[in-house]
>>> print(open('coords09.cif').read())   # mmCIF, C-alpha atoms
data_query
#
loop_
_atom_site.label_atom_id
_atom_site.label_comp_id
_atom_site.auth_asym_id
_atom_site.auth_seq_id
_atom_site.Cartn_x
_atom_site.Cartn_y
_atom_site.Cartn_z
CA MET A 358 -26.02 62.35 62.95
CA SER A 359 -25.05 64.51 65.90
CA ASP A 360 -21.38 64.73 66.86
CA LEU A 361 -21.99 63.09 70.22
CA ARG A 362 -23.74 60.15 68.63
CA ARG A 363 -20.98 59.86 65.99
CA ILE A 364 -18.34 59.85 68.74
CA PHE A 365 -20.25 57.18 70.65
CA TYR A 366 -20.65 54.85 67.64
CA SER A 367 -17.05 55.44 66.60
CA PHE A 368 -15.88 54.60 70.10
CA VAL A 369 -17.88 51.35 69.96
CA LEU A 370 -16.20 50.55 66.61
CA LEU A 371 -12.80 51.33 68.11
CA VAL A 372 -13.40 49.00 71.07
CA MET A 373 -14.66 46.30 68.70
CA GLY A 374 -11.56 46.78 66.57
CA ILE A 375 -9.28 46.33 69.59
CA PHE A 376 -11.26 43.23 70.57
CA PHE A 377 -10.92 41.76 67.04
CA PHE A 378 -7.23 42.60 66.98
CA ILE A 379 -6.61 40.88 70.34
CA SER A 380 -8.67 37.83 69.32
CA GLY A 381 -6.63 37.65 66.07
CA TYR A 382 -3.45 37.65 68.14
CA LYS A 383 -4.85 34.98 70.47
CA SER A 384 -5.76 32.85 67.45
CA PHE A 385 -2.23 33.30 66.13
CA ARG A 386 -0.78 32.06 69.43
CA ARG A 387 -3.21 29.14 69.56
CA LYS A 388 -2.35 28.14 65.98
CA ARG A 389 1.35 28.19 66.82
CA LEU A 390 0.79 26.08 69.92
CA ILE A 391 -1.17 23.49 67.93
CA GLU A 392 1.54 23.41 65.25
CA ASP A 393 4.33 23.18 67.81
CA THR A 394 2.85 20.32 69.84
CA PRO A 395 3.39 16.91 68.25
CA THR A 396 0.53 14.43 68.55
CA SER A 397 1.20 11.80 71.21
CA LYS A 398 0.28 8.17 70.90
CA ILE A 399 -2.03 7.44 73.82
CA ARG A 400 0.15 4.55 75.00
CA ALA A 401 3.12 6.90 75.36
CA ILE A 402 1.40 9.91 76.95
CA ALA A 403 3.64 11.74 79.39
CA MET A 404 2.49 14.12 82.13
CA GLY A 405 2.01 17.73 81.07
CA LEU A 406 0.55 19.42 78.01
CA VAL A 407 -0.35 16.83 75.36
CA GLU A 408 -2.08 16.68 72.01
CA ILE A 409 -4.02 13.53 71.17
CA TYR A 410 -6.38 12.41 68.45
CA GLY A 411 -8.73 9.47 68.65
CA VAL A 412 -12.21 8.06 68.88
CA VAL A 413 -14.70 8.65 71.73
CA VAL A 414 -15.56 5.61 73.85
CA PRO A 415 -18.00 5.94 76.78
CA TYR A 416 -16.54 5.52 80.27
CA LYS A 417 -18.26 2.94 82.50
CA GLY A 418 -21.57 3.44 80.69
CA LYS A 419 -21.65 7.16 81.48
CA ILE A 420 -23.78 8.46 78.66
CA LEU A 421 -25.96 11.53 78.27
CA LYS A 422 -29.02 12.00 76.12
CA SER A 423 -28.96 15.15 74.04
CA PRO A 424 -32.06 17.14 75.02
CA LEU A 425 -33.37 18.09 71.58
CA THR A 426 -32.64 14.98 69.51
CA ASN A 427 -32.38 12.39 72.28
CA LYS A 428 -29.06 11.05 70.95
CA ASP A 429 -26.40 9.23 73.04
CA CYS A 430 -23.52 11.57 73.75
CA VAL A 431 -20.79 12.53 76.24
CA TYR A 432 -21.17 16.28 75.73
CA TYR A 433 -24.00 18.48 74.53
CA PHE A 434 -24.78 22.12 74.16
CA PHE A 435 -28.13 23.45 73.01
CA ILE A 436 -29.66 26.82 72.43
CA ILE A 437 -33.29 27.75 71.84
CA GLU A 438 -33.95 31.21 70.42
CA GLU A 439 -37.03 33.13 69.47
CA TYR A 440 -37.34 35.54 66.58
CA ARG A 441 -38.71 38.83 67.79
CA SER A 442 -39.60 41.50 65.28
CA SER A 443 -39.50 45.18 65.96
CA GLU A 444 -39.79 48.38 63.96
CA LYS A 445 -36.07 48.33 63.15
CA GLY A 446 -36.11 44.71 62.05
CA GLY A 447 -35.88 41.47 63.94
CA ARG A 448 -33.42 39.56 66.07
CA TRP A 449 -32.97 36.18 67.70
CA VAL A 450 -33.36 36.23 71.47
CA THR A 451 -32.09 33.32 73.57
CA ILE A 452 -34.87 31.76 75.65
CA LYS A 453 -33.03 28.69 76.91
CA THR A 454 -29.53 27.31 76.69
CA GLY A 455 -27.68 24.52 78.44
CA ALA A 456 -24.65 22.22 78.35
CA LYS A 457 -23.55 19.05 80.06
CA ARG A 458 -20.48 16.84 79.88
CA VAL A 459 -19.30 13.55 81.37
CA PRO A 460 -15.86 11.88 81.39
CA PHE A 461 -15.12 9.59 78.44
CA PHE A 462 -12.26 7.60 76.95
CA LEU A 463 -10.35 8.67 73.88
CA GLN A 464 -8.95 5.71 71.98
CA ASP A 465 -6.31 5.46 69.27
CA ASP A 466 -4.54 2.43 67.78
CA THR A 467 -2.27 2.12 70.86
CA GLY A 468 -4.69 2.42 73.78
CA LYS A 469 -7.29 4.57 75.46
CA VAL A 470 -7.11 7.36 78.00
CA LEU A 471 -9.71 8.92 80.27
CA VAL A 472 -10.74 12.49 79.44
CA ASP A 473 -12.49 14.76 81.93
CA PRO A 474 -13.95 17.50 79.69
CA GLU A 475 -14.74 19.82 82.63
CA GLY A 476 -13.28 23.26 81.94
CA ALA A 477 -12.51 22.53 78.30
CA GLN A 478 -13.23 24.91 75.45
CA VAL A 479 -15.29 22.64 73.21
CA GLU A 480 -15.67 23.49 69.52
CA VAL A 481 -17.76 21.02 67.59
CA ASN A 482 -19.83 21.27 64.44
CA ARG A 483 -23.53 21.84 64.78
CA ASP A 484 -25.35 18.50 64.73
CA TYR A 485 -28.92 19.72 64.61
CA GLU A 486 -30.91 22.79 63.65
CA PHE A 487 -34.65 23.28 63.39
CA TYR A 488 -36.83 26.33 62.78
CA SER A 489 -40.40 26.21 63.99
CA SER A 490 -43.03 28.51 62.55
CA THR A 491 -46.80 28.75 62.30
CA THR A 492 -46.76 26.00 59.68
CA LYS A 493 -43.87 23.98 61.12
CA THR A 494 -44.33 22.16 64.43
CA PRO A 495 -41.20 20.97 66.28
CA PRO A 496 -40.52 17.21 66.41
CA GLN A 497 -41.93 15.21 69.34
CA SER A 498 -38.57 14.99 71.18
CA ILE A 499 -38.32 18.80 71.24
CA ILE A 500 -41.94 19.21 72.33
CA GLN A 501 -41.35 16.80 75.22
CA PHE A 502 -38.19 18.65 76.25
CA MET A 503 -39.91 22.02 76.11
CA GLU A 504 -42.83 20.79 78.14
CA SER A 505 -40.52 19.31 80.79
CA SER A 506 -38.60 22.63 80.88
CA GLY A 507 -41.79 24.67 81.19
CA ILE A 508 -41.40 26.47 77.86
CA ARG A 509 -44.36 26.89 75.57
CA TYR A 510 -43.80 26.25 71.87
CA LYS A 511 -47.15 27.80 70.99
CA SER A 512 -48.19 31.40 71.41
CA PHE A 513 -51.31 32.42 73.32
CA LEU A 514 -53.25 32.28 70.03
CA GLY A 515 -52.39 28.60 69.69
CA LEU A 516 -49.95 29.17 66.81
CA ASN A 517 -46.40 27.82 66.81
CA ARG A 518 -43.84 30.36 67.96
CA SER A 519 -40.97 31.28 65.61
CA LEU A 520 -38.21 29.40 67.35
CA ARG A 521 -34.76 28.23 66.37
CA PHE A 522 -33.35 25.08 67.96
CA ARG A 523 -29.66 24.30 67.72
CA GLU A 524 -27.77 21.40 69.21
CA TYR A 525 -24.10 20.43 69.31
CA PHE A 526 -22.89 17.16 70.77
CA ILE A 527 -20.05 14.66 70.98
CA ALA A 528 -21.30 11.14 70.40
CA PRO A 529 -19.52 7.81 70.91
CA LYS A 530 -17.27 6.94 67.92
CA ASP A 531 -16.80 10.65 67.08
CA LYS A 532 -13.20 11.54 66.28
CA LEU A 533 -11.75 14.22 68.54
CA TYR A 534 -8.68 16.40 68.70
CA ILE A 535 -7.68 17.26 72.27
CA LEU A 536 -5.04 19.66 73.52
CA GLY A 537 -4.97 19.38 77.30
CA THR A 538 -3.01 18.39 80.34
CA ALA A 539 -2.21 14.79 81.17
CA GLY A 540 -2.39 14.44 84.94
CA ASP A 541 -3.05 11.82 87.56
CA ASN A 542 -6.21 9.76 87.12
CA PRO A 543 -8.17 10.08 90.39
CA TYR A 544 -10.41 7.13 89.47
CA VAL A 545 -7.66 4.51 89.76
CA GLU A 546 -5.49 3.60 92.71
CA ASP A 547 -1.76 4.11 92.28
CA GLY A 548 0.09 0.91 91.39
CA SER A 549 -3.11 -0.94 90.48
CA VAL A 550 -2.60 -0.66 86.74
CA SER A 551 -0.52 -2.71 84.34
CA GLN A 552 -0.06 0.06 81.74
CA GLY A 553 1.16 3.54 82.69
CA TYR A 554 -1.40 5.38 80.56
CA GLU A 555 -4.26 3.86 82.54
CA ASP A 556 -3.19 6.03 85.48
CA VAL A 557 -3.41 9.19 83.37
CA MET A 558 -6.37 11.48 82.80
CA ILE A 559 -6.62 14.36 80.36
CA GLN A 560 -7.93 17.38 82.21
CA LYS A 561 -7.65 21.13 82.62
CA GLY A 562 -4.17 21.83 83.92
CA LYS A 563 -3.26 24.17 86.72
CA LYS A 564 -0.28 25.67 84.89
CA ASN A 565 -1.45 25.14 81.30
CA SER A 566 -4.65 27.08 81.08
CA ILE A 567 -5.34 25.75 77.59
CA TYR A 568 -7.78 22.90 77.35
CA TYR A 569 -9.27 22.54 73.92
CA ILE A 570 -11.50 19.88 72.37
CA SER A 571 -12.52 19.89 68.72
CA ASP A 572 -14.08 17.47 66.28
CA LYS A 573 -11.83 18.72 63.49
CA PRO A 574 -8.51 17.09 62.60
CA GLU A 575 -5.36 19.14 63.21
CA LYS A 576 -4.95 20.20 59.56
CA ASP A 577 -8.48 21.61 59.39
CA LEU A 578 -8.03 23.32 62.75
CA ILE A 579 -4.89 25.10 61.56
CA LYS A 580 -6.68 26.20 58.38
CA ASN A 581 -9.58 27.42 60.49
CA TYR A 582 -7.25 29.41 62.76
CA LYS A 583 -5.56 30.98 59.73
CA TRP A 584 -8.90 32.52 58.74
CA ARG A 585 -9.53 33.68 62.29
CA ILE A 586 -6.10 35.35 62.35
CA VAL A 587 -6.68 37.12 59.03
CA GLY A 588 -10.22 38.12 60.04
CA GLY A 589 -9.09 39.30 63.46
CA PHE A 590 -6.17 41.39 62.24
CA VAL A 591 -7.72 42.83 59.08
CA GLY A 592 -11.12 43.44 60.69
CA GLY A 593 -9.49 44.78 63.83
CA VAL A 594 -7.22 47.24 62.02
CA LEU A 595 -10.04 48.48 59.80
CA LEU A 596 -12.40 49.00 62.72
CA ILE A 597 -9.72 50.76 64.76
CA LEU A 598 -8.98 53.13 61.88
CA VAL A 599 -12.64 53.77 61.10
CA GLY A 600 -13.43 54.23 64.79
CA THR A 601 -10.52 56.62 65.29
CA SER A 602 -11.49 58.59 62.18
CA GLY A 603 -15.08 58.84 63.41
CA ILE A 604 -13.96 60.14 66.81
CA LEU A 605 -11.68 62.68 65.17
CA LEU A 606 -14.48 63.73 62.85
CA GLY A 607 -16.76 64.11 65.88
CA PHE A 608 -14.23 66.50 67.41
CA ASN A 609 -13.87 68.34 64.08
CA LEU A 610 -10.21 67.46 63.81
CA PHE A 611 -10.38 66.64 60.09
CA MET B 573 -1.59 67.93 56.70
CA GLY B 574 -4.48 68.15 59.16
CA LEU B 575 -4.15 67.12 62.77
CA GLY B 576 -6.75 64.36 62.24
CA LEU B 577 -4.73 62.75 59.46
CA GLU B 578 -1.60 62.95 61.56
CA ILE B 579 -3.37 61.18 64.41
CA ILE B 580 -4.62 58.47 62.02
CA ILE B 581 -1.06 57.92 60.76
CA VAL B 582 0.23 57.71 64.35
CA VAL B 583 -2.54 55.23 65.25
CA GLY B 584 -1.70 53.18 62.14
CA MET B 585 1.98 53.15 63.07
CA LEU B 586 1.10 52.17 66.64
CA ILE B 587 -0.93 49.23 65.36
CA VAL B 588 1.96 48.08 63.18
CA LEU B 589 4.37 48.46 66.10
CA VAL B 590 2.15 46.52 68.52
CA ALA B 591 1.61 43.78 65.91
CA LEU B 592 5.35 43.58 65.24
CA ILE B 593 6.27 43.37 68.92
CA GLY B 594 3.56 40.76 69.49
CA TYR B 595 4.82 38.75 66.53
CA ILE B 596 8.44 38.84 67.72
CA VAL B 597 7.41 37.87 71.26
CA SER B 598 5.36 34.97 69.85
CA ILE B 599 8.28 33.72 67.77
CA TYR B 600 10.64 33.97 70.74
CA ASN B 601 8.21 32.18 73.09
CA GLY B 602 7.50 29.59 70.42
CA LEU B 603 11.19 28.76 70.05
CA ILE B 604 11.58 28.50 73.82
CA ARG B 605 8.55 26.21 73.93
CA LEU B 606 9.95 24.00 71.17
CA LYS B 607 13.31 23.74 72.95
CA HIS B 608 11.50 22.86 76.14
CA ASN B 609 9.42 20.24 74.27
CA ILE B 610 12.60 18.54 73.10
CA LYS B 611 14.07 18.51 76.60
CA LYS B 612 10.84 17.19 78.04
CA SER B 613 10.40 14.49 75.42
CA TRP B 614 14.00 13.38 75.93
CA ALA B 615 13.43 13.23 79.69
CA ASN B 616 10.34 11.11 79.02
CA ILE B 617 12.44 8.66 76.99
CA GLU B 618 15.08 8.52 79.72
CA VAL B 619 12.47 7.57 82.32
CA LEU B 620 11.47 4.54 80.26
CA LEU B 621 15.06 3.64 79.41
CA LYS B 622 15.83 3.61 83.14
CA GLN B 623 12.74 1.51 83.90
CA ARG B 624 13.70 -0.98 81.21
CA SER B 625 17.28 -1.05 82.43
CA ASP B 626 16.01 -1.89 85.95
CA GLU B 627 14.08 -4.86 84.57
CA LEU B 628 17.06 -6.36 82.72
CA PRO B 629 18.89 -8.01 85.69
CA LYS B 630 15.59 -9.71 86.63
CA LEU B 631 15.21 -10.94 83.06
CA ILE B 632 18.78 -12.20 82.89
CA ASN B 633 18.34 -14.04 86.22
CA SER B 634 15.13 -15.66 85.08
CA VAL B 635 16.49 -16.89 81.74
CA LYS B 636 20.10 -17.80 82.50
CA GLY B 637 19.16 -21.16 84.02
CA TYR B 638 17.37 -22.17 80.83
CA MET B 639 19.43 -20.52 78.13
CA LYS B 640 22.78 -22.10 78.77
CA HIS B 641 23.64 -22.05 75.07
CA GLU B 642 22.87 -18.35 74.73
CA ARG B 643 25.56 -17.02 77.00
CA SER B 644 26.89 -14.64 74.36
CA THR B 645 23.45 -13.02 73.94
CA LEU B 646 23.07 -12.61 77.69
CA ALA B 647 26.60 -11.21 77.93
CA GLN B 648 25.75 -8.80 75.14
CA LEU B 649 22.66 -7.65 77.04
CA THR B 650 24.63 -7.19 80.28
CA LYS B 651 27.28 -5.20 78.43
CA ALA B 652 24.65 -3.03 76.73
CA ARG B 653 23.05 -2.31 80.09
CA THR B 654 26.40 -1.35 81.61
CA ASP B 655 27.09 0.89 78.60
CA PHE B 656 23.70 2.55 79.07
CA LEU B 657 24.33 3.21 82.76
CA LYS B 658 27.73 4.71 81.93
CA ALA B 659 26.47 6.74 78.96
CA LYS B 660 26.62 10.49 79.37
CA THR B 661 25.57 11.89 76.01
CA MET B 662 22.36 11.35 74.09
CA LYS B 663 24.29 9.63 71.29
CA GLN B 664 25.88 7.14 73.70
CA LYS B 665 22.52 6.45 75.30
CA ALA B 666 20.87 5.98 71.91
CA GLU B 667 23.58 3.48 70.91
CA ALA B 668 23.26 1.54 74.16
CA ASP B 669 19.48 1.60 73.76
CA SER B 670 19.80 0.11 70.27
CA MET B 671 22.09 -2.66 71.60
CA ILE B 672 19.63 -3.48 74.39
CA THR B 673 16.66 -3.52 71.99
CA ASN B 674 18.57 -5.84 69.66
CA ALA B 675 19.65 -8.20 72.44
CA LEU B 676 16.10 -8.31 73.82
CA LYS B 677 14.68 -9.13 70.41
CA THR B 678 17.13 -12.04 70.17
CA ILE B 679 16.37 -13.32 73.69
CA PHE B 680 12.60 -13.22 73.16
CA ALA B 681 12.92 -14.88 69.78
CA VAL B 682 15.29 -17.60 71.05
CA ALA B 683 13.02 -18.20 74.09
CA GLU B 684 10.62 -19.89 71.65
CA ASN B 685 13.08 -22.82 71.64
CA TYR B 686 12.76 -23.32 75.40
CA PRO B 687 9.24 -24.56 76.28
CA ARG B 688 9.99 -24.69 80.02
CA LEU B 689 11.12 -21.06 79.97
CA ARG B 690 8.01 -20.04 78.01
CA ALA B 691 5.90 -21.68 80.70
CA ASN B 692 7.71 -19.82 83.49
CA GLU B 693 5.30 -17.30 85.04
CA ASN B 694 8.06 -14.91 86.06
CA PHE B 695 9.50 -14.86 82.54
CA ILE B 696 6.08 -14.29 80.98
CA GLN B 697 5.44 -11.31 83.24
CA LEU B 698 8.88 -9.85 82.57
CA GLN B 699 8.47 -10.34 78.83
CA GLN B 700 5.12 -8.56 78.89
CA ARG B 701 6.47 -5.72 81.01
CA ILE B 702 9.58 -5.25 78.85
CA SER B 703 7.61 -5.55 75.60
CA GLY B 704 5.21 -2.91 76.92
CA LEU B 705 8.13 -0.62 77.77
CA GLU B 706 9.64 -1.25 74.31
CA ASN B 707 6.38 -0.22 72.64
CA GLU B 708 6.12 2.92 74.76
CA LEU B 709 9.74 3.70 74.01
CA ALA B 710 9.12 3.39 70.27
CA ASP B 711 6.23 5.88 70.55
CA ARG B 712 8.25 8.29 72.65
CA ARG B 713 11.21 8.11 70.27
CA GLU B 714 8.83 9.02 67.47
CA PHE B 715 7.43 11.87 69.57
CA TYR B 716 10.95 13.10 70.35
CA ASN B 717 11.87 13.05 66.66
CA ASP B 718 8.67 14.93 65.81
CA SER B 719 9.59 17.59 68.40
CA VAL B 720 13.13 17.87 67.02
CA ASN B 721 11.84 18.02 63.47
CA THR B 722 9.38 20.83 64.24
CA TYR B 723 12.14 22.78 65.99
CA ASN B 724 14.71 22.26 63.21
CA ILE B 725 12.22 23.33 60.53
CA ARG B 726 11.17 26.36 62.56
CA ILE B 727 14.70 27.69 63.10
CA HIS B 728 15.34 27.54 59.34
CA SER B 729 12.04 29.11 58.29
CA PHE B 730 11.55 32.80 57.61
CA PRO B 731 11.01 34.97 59.69
CA ASP B 732 11.65 32.71 62.69
CA MET B 733 15.24 32.16 61.54
CA ILE B 734 16.08 35.81 62.32
CA ILE B 735 15.10 35.43 65.98
CA ALA B 736 16.59 31.92 66.06
CA ARG B 737 19.97 33.30 64.93
CA MET B 738 19.82 35.98 67.60
CA MET B 739 19.10 33.25 70.15
CA LYS B 740 21.97 31.18 68.69
CA CYS B 741 19.67 28.20 68.13
CA LYS B 742 21.30 25.18 66.55
CA ASP B 743 19.90 22.06 64.92
CA GLU B 744 19.01 19.36 67.41
CA GLU B 745 19.94 15.75 66.80
CA LEU B 746 17.32 13.15 65.95
CA PHE B 747 17.13 9.94 67.96
CA LYS B 748 18.52 7.62 65.28
CA VAL B 749 18.02 3.90 65.32
CA VAL B 750 21.17 1.94 64.49
CA GLU B 751 20.81 0.39 61.03
CA SER B 752 21.29 -3.16 62.34
CA ASP B 753 18.21 -2.69 64.56
CA LYS B 754 15.97 -2.31 61.57
CA LYS B 755 16.80 -5.86 60.41
CA ASP B 756 14.73 -8.78 61.63
CA VAL B 757 16.32 -10.99 64.25
CA GLU B 758 17.76 -14.13 62.78
CA VAL B 759 17.01 -17.20 64.86
CA LYS B 760 18.85 -20.44 64.22
CA PHE B 761 17.04 -23.64 65.15
#
>>> encode(input="coords09.cif", output="structure tokens")
Amino acid sequence: MSDLRRIFYSFVLLVMGIFFFISGYKSFRRKRLIEDTPTSKIRAIAMGLVEIYGVVVPYKGKILKSPLTNKDCVYYFFIIEEYRSSEKGGRWVTIKTGAKRVPFFLQDDTGKVLVDPEGAQVEVNRDYEFYSSTTKTPPQSIIQFMESSGIRYKSFLGLNRSLRFREYFIAPKDKLYILGTAGDNPYVEDGSVSQGYEDVMIQKGKKNSIYYISDKPEKDLIKNYKWRIVGGFVGGVLLILVGTSGILLGFNLF
Amino acid sequence: MGLGLEIIIVVGMLIVLVALIGYIVSIYNGLIRLKHNIKKSWANIEVLLKQRSDELPKLINSVKGYMKHERSTLAQLTKARTDFLKAKTMKQKAEADSMITNALKTIFAVAENYPRLRANENFIQLQQRISGLENELADRREFYNDSVNTYNIRIHSFPDMIIARMMKCKDEELFKVVESDKKDVEVKF
């Protein structure tokens, strides 16, 4: 490997290391924030940053259909990728992706509150995955969606393309953890409600930039963040050191 | 020792230093946030206490015509309200709050003996409103105690306790319910 190439790759590793390190630190801060914020009962929500946990209930019949599986949901994200081989190996290339969200209620044993998921960082488990190949044709719902989107699932030879379909969604009755800002509910007139929490909507705050929705309970989230912190810091430090060493080696400083 | 190795050691030390500073800043900000959470959750309780206190004269006015034999309970409620309005510290407010909650429980339980009062629209609305506030208050008290608990644990845990001592953080008081409040209201027929 030439010195210039070594320096370039080492620099990439160094930048990646810094990125991992910063993301580890961000995860650490997020974990602390989740731990430090007690979960509010929906009935007693106060304005400002709140943490709530409850079940999804559709708002005024606002329901989406997930594009790949045609399931009722209030949020979906999908990604369609194609496997493209080359001399050096193969990789998945995104050919179509999309997401949509509508307001919904979150309900616990004390009441329900409107949630506007716009601007939220949504982390939910994958609900669907399918690989199509020459011998495996996608299900009808996917074929219909692809046809309506103008994407061919067959190659010019008439064989199925090697595609990967992934879908994530939030369906009614799903349990959600939300860390967001309780603000005024623009859908109700002031003074027209009997309970205070009916006039509240969970949304992205102006001051509190954090708006996070997950389908994991708080305990699992914290555990998950612990791994991200360890991965971020350990991976980051290693990459920084390896990257720095590579650069130094490139300049013959060892 | 080669120059390269020296640079690696310096980079390593820099990483440790940055991580350490970041960690200390996070602990400091975390403690500030927890303190702020307690203040905010207390303020949220006070809002409801005030709202409930504003409803009490209306309640007393609506029931006094019917509950002529319950003067002592009504007097107790009036006194508790006055105590709450005079209260300066959190402890005094918590005590007055307990007295009010107790008196309200008694009034609502005794109201069962007065069919005409139970049929009074104004009383029904007030009872619903005050019961709603009581439920919200119970949730917010729990939230306040959760905030205090998180803070108190944090300032005694290592390594946060080192920064907490530097910041002169002290244990915060929980919102305690008076023991008598935990007992069921006794209603004599």
>>> closest_residue(input="coords09.cif", among="A:Ile375, A:Ile437, A:Met404, A:Leu463", to="Tyr488 of chain A", atoms="all atoms listed in the file")
A:Ile437
>>> closest_atom_pairs(input="coords09.cif", of="chain A", to="chain B", cutoff="10 Å", atoms="only C-alpha atoms", output="CSV")
residue,atom,partner,partner_atom,distance
A:Ile375,CA,B:Ile587,CA,9.8
A:Phe378,CA,B:Ala591,CA,9.0
A:Ile379,CA,B:Ala591,CA,9.8
A:Tyr382,CA,B:Gly594,CA,7.8
A:Phe385,CA,B:Ser598,CA,8.6
A:Arg386,CA,B:Ser598,CA,6.8
A:Arg389,CA,B:Gly602,CA,7.3
A:Leu390,CA,B:Gly602,CA,7.6
A:Glu392,CA,B:Thr722,CA,8.3
A:Asp393,CA,B:Leu606,CA,6.6
A:Thr394,CA,B:Ser719,CA,7.4
A:Pro395,CA,B:Asp718,CA,6.1
A:Thr396,CA,B:Phe715,CA,7.4
A:Ser397,CA,B:Phe715,CA,6.4
A:Lys398,CA,B:Asp711,CA,6.4
A:Ile399,CA,B:Asp711,CA,9.0
A:Arg400,CA,B:Glu708,CA,6.2
A:Ala401,CA,B:Glu708,CA,5.0
A:Ile402,CA,B:Arg712,CA,8.2
A:Ala403,CA,B:Asn616,CA,6.7
A:Met404,CA,B:Asn616,CA,9.0
A:Gly405,CA,B:Lys612,CA,9.4
A:Leu406,CA,B:Asn609,CA,9.7
A:Thr467,CA,B:Asn707,CA,9.1
A:Ser551,CA,B:Arg701,CA,8.3
A:Gln552,CA,B:Gly704,CA,7.7
A:Gly553,CA,B:Glu708,CA,9.4
A:Tyr554,CA,B:Glu708,CA,9.8
A:Phe590,CA,B:Ala591,CA,8.9
A:Gly593,CA,B:Ile587,CA,9.8
A:Val594,CA,B:Ile587,CA,7.4
A:Leu595,CA,B:Gly584,CA,9.9
A:Ile597,CA,B:Val583,CA,8.5
A:Leu598,CA,B:Ile580,CA,6.9
A:Val599,CA,B:Ile580,CA,9.3
A:Thr601,CA,B:Ile580,CA,7.0
A:Ser602,CA,B:Ile580,CA,6.9
A:Ile604,CA,B:Gly576,CA,9.5
A:Leu605,CA,B:Gly576,CA,6.0
A:Leu606,CA,B:Gly576,CA,7.8
A:Phe608,CA,B:Gly576,CA,9.3
A:Asn609,CA,B:Gly576,CA,8.4
A:Leu610,CA,B:Gly576,CA,4.9
A:Phe611,CA,B:Gly576,CA,4.8
>>> residues_around(input="coords09.cif", residues="Leu698 of chain B", least_positions_apart="6", cutoff="10 Å", atoms="all atoms listed in the file", output="PDB file with C-alpha atoms, in the coordinates of the input")
ATOM      1  CA  GLU B 627      14.080  -4.860  84.570  1.00  0.00           C
ATOM      2  CA  LEU B 628      17.060  -6.360  82.720  1.00  0.00           C
ATOM      3  CA  LYS B 630      15.590  -9.710  86.630  1.00  0.00           C
ATOM      4  CA  LEU B 631      15.210 -10.940  83.060  1.00  0.00           C
ATOM      5  CA  SER B 634      15.130 -15.660  85.080  1.00  0.00           C
ATOM      6  CA  GLY B 704       5.210  -2.910  76.920  1.00  0.00           C
TER       7      GLY B 704
END
>>> atom_distance(input="coords09.cif", atom1="atom CA of Lys622 of chain B", atom2="atom CA of Gly562 of chain A")
27.1 Å
>>> residues_around(input="coords09.cif", residues="Lys511 of chain A", least_positions_apart="2", cutoff="12 Å", atoms="only C-alpha atoms", output="PyMOL selection string")
chain A and resi 439+489-495+500+503-504+507-509+513-520
>>> resolve_selection(input="coords09.cif", expression="the PyMOL selection byres ((chain A and resi 572) around 9)", output="list in words")
Val479, Glu480, Val481, Asn482, Ile527, Asp531, Lys532, Leu533, Tyr534, Ile535, Ile570, Ser571, Lys573 and Pro574 of chain A
>>> write_last_selection(input="coords09.cif", atoms="C-alpha atoms", output="mmCIF file, keeping the file's coordinate frame")
data_model
loop_
_atom_site.group_PDB
_atom_site.id
_atom_site.type_symbol
_atom_site.label_atom_id
_atom_site.label_comp_id
_atom_site.auth_asym_id
_atom_site.auth_seq_id
_atom_site.Cartn_x
_atom_site.Cartn_y
_atom_site.Cartn_z
ATOM 1 C CA VAL A 479 -15.290 22.640 73.210
ATOM 2 C CA GLU A 480 -15.670 23.490 69.520
ATOM 3 C CA VAL A 481 -17.760 21.020 67.590
ATOM 4 C CA ASN A 482 -19.830 21.270 64.440
ATOM 5 C CA ILE A 527 -20.050 14.660 70.980
ATOM 6 C CA ASP A 531 -16.800 10.650 67.080
ATOM 7 C CA LYS A 532 -13.200 11.540 66.280
ATOM 8 C CA LEU A 533 -11.750 14.220 68.540
ATOM 9 C CA TYR A 534 -8.680 16.400 68.700
ATOM 10 C CA ILE A 535 -7.680 17.260 72.270
ATOM 11 C CA ILE A 570 -11.500 19.880 72.370
ATOM 12 C CA SER A 571 -12.520 19.890 68.720
ATOM 13 C CA LYS A 573 -11.830 18.720 63.490
ATOM 14 C CA PRO A 574 -8.510 17.090 62.600
#
>>> atom_distance(input="coords09.cif", atom1="atom CA of Asp484 of chain A", atom2="atom CA of Tyr525 of chain A")
5.1 Å
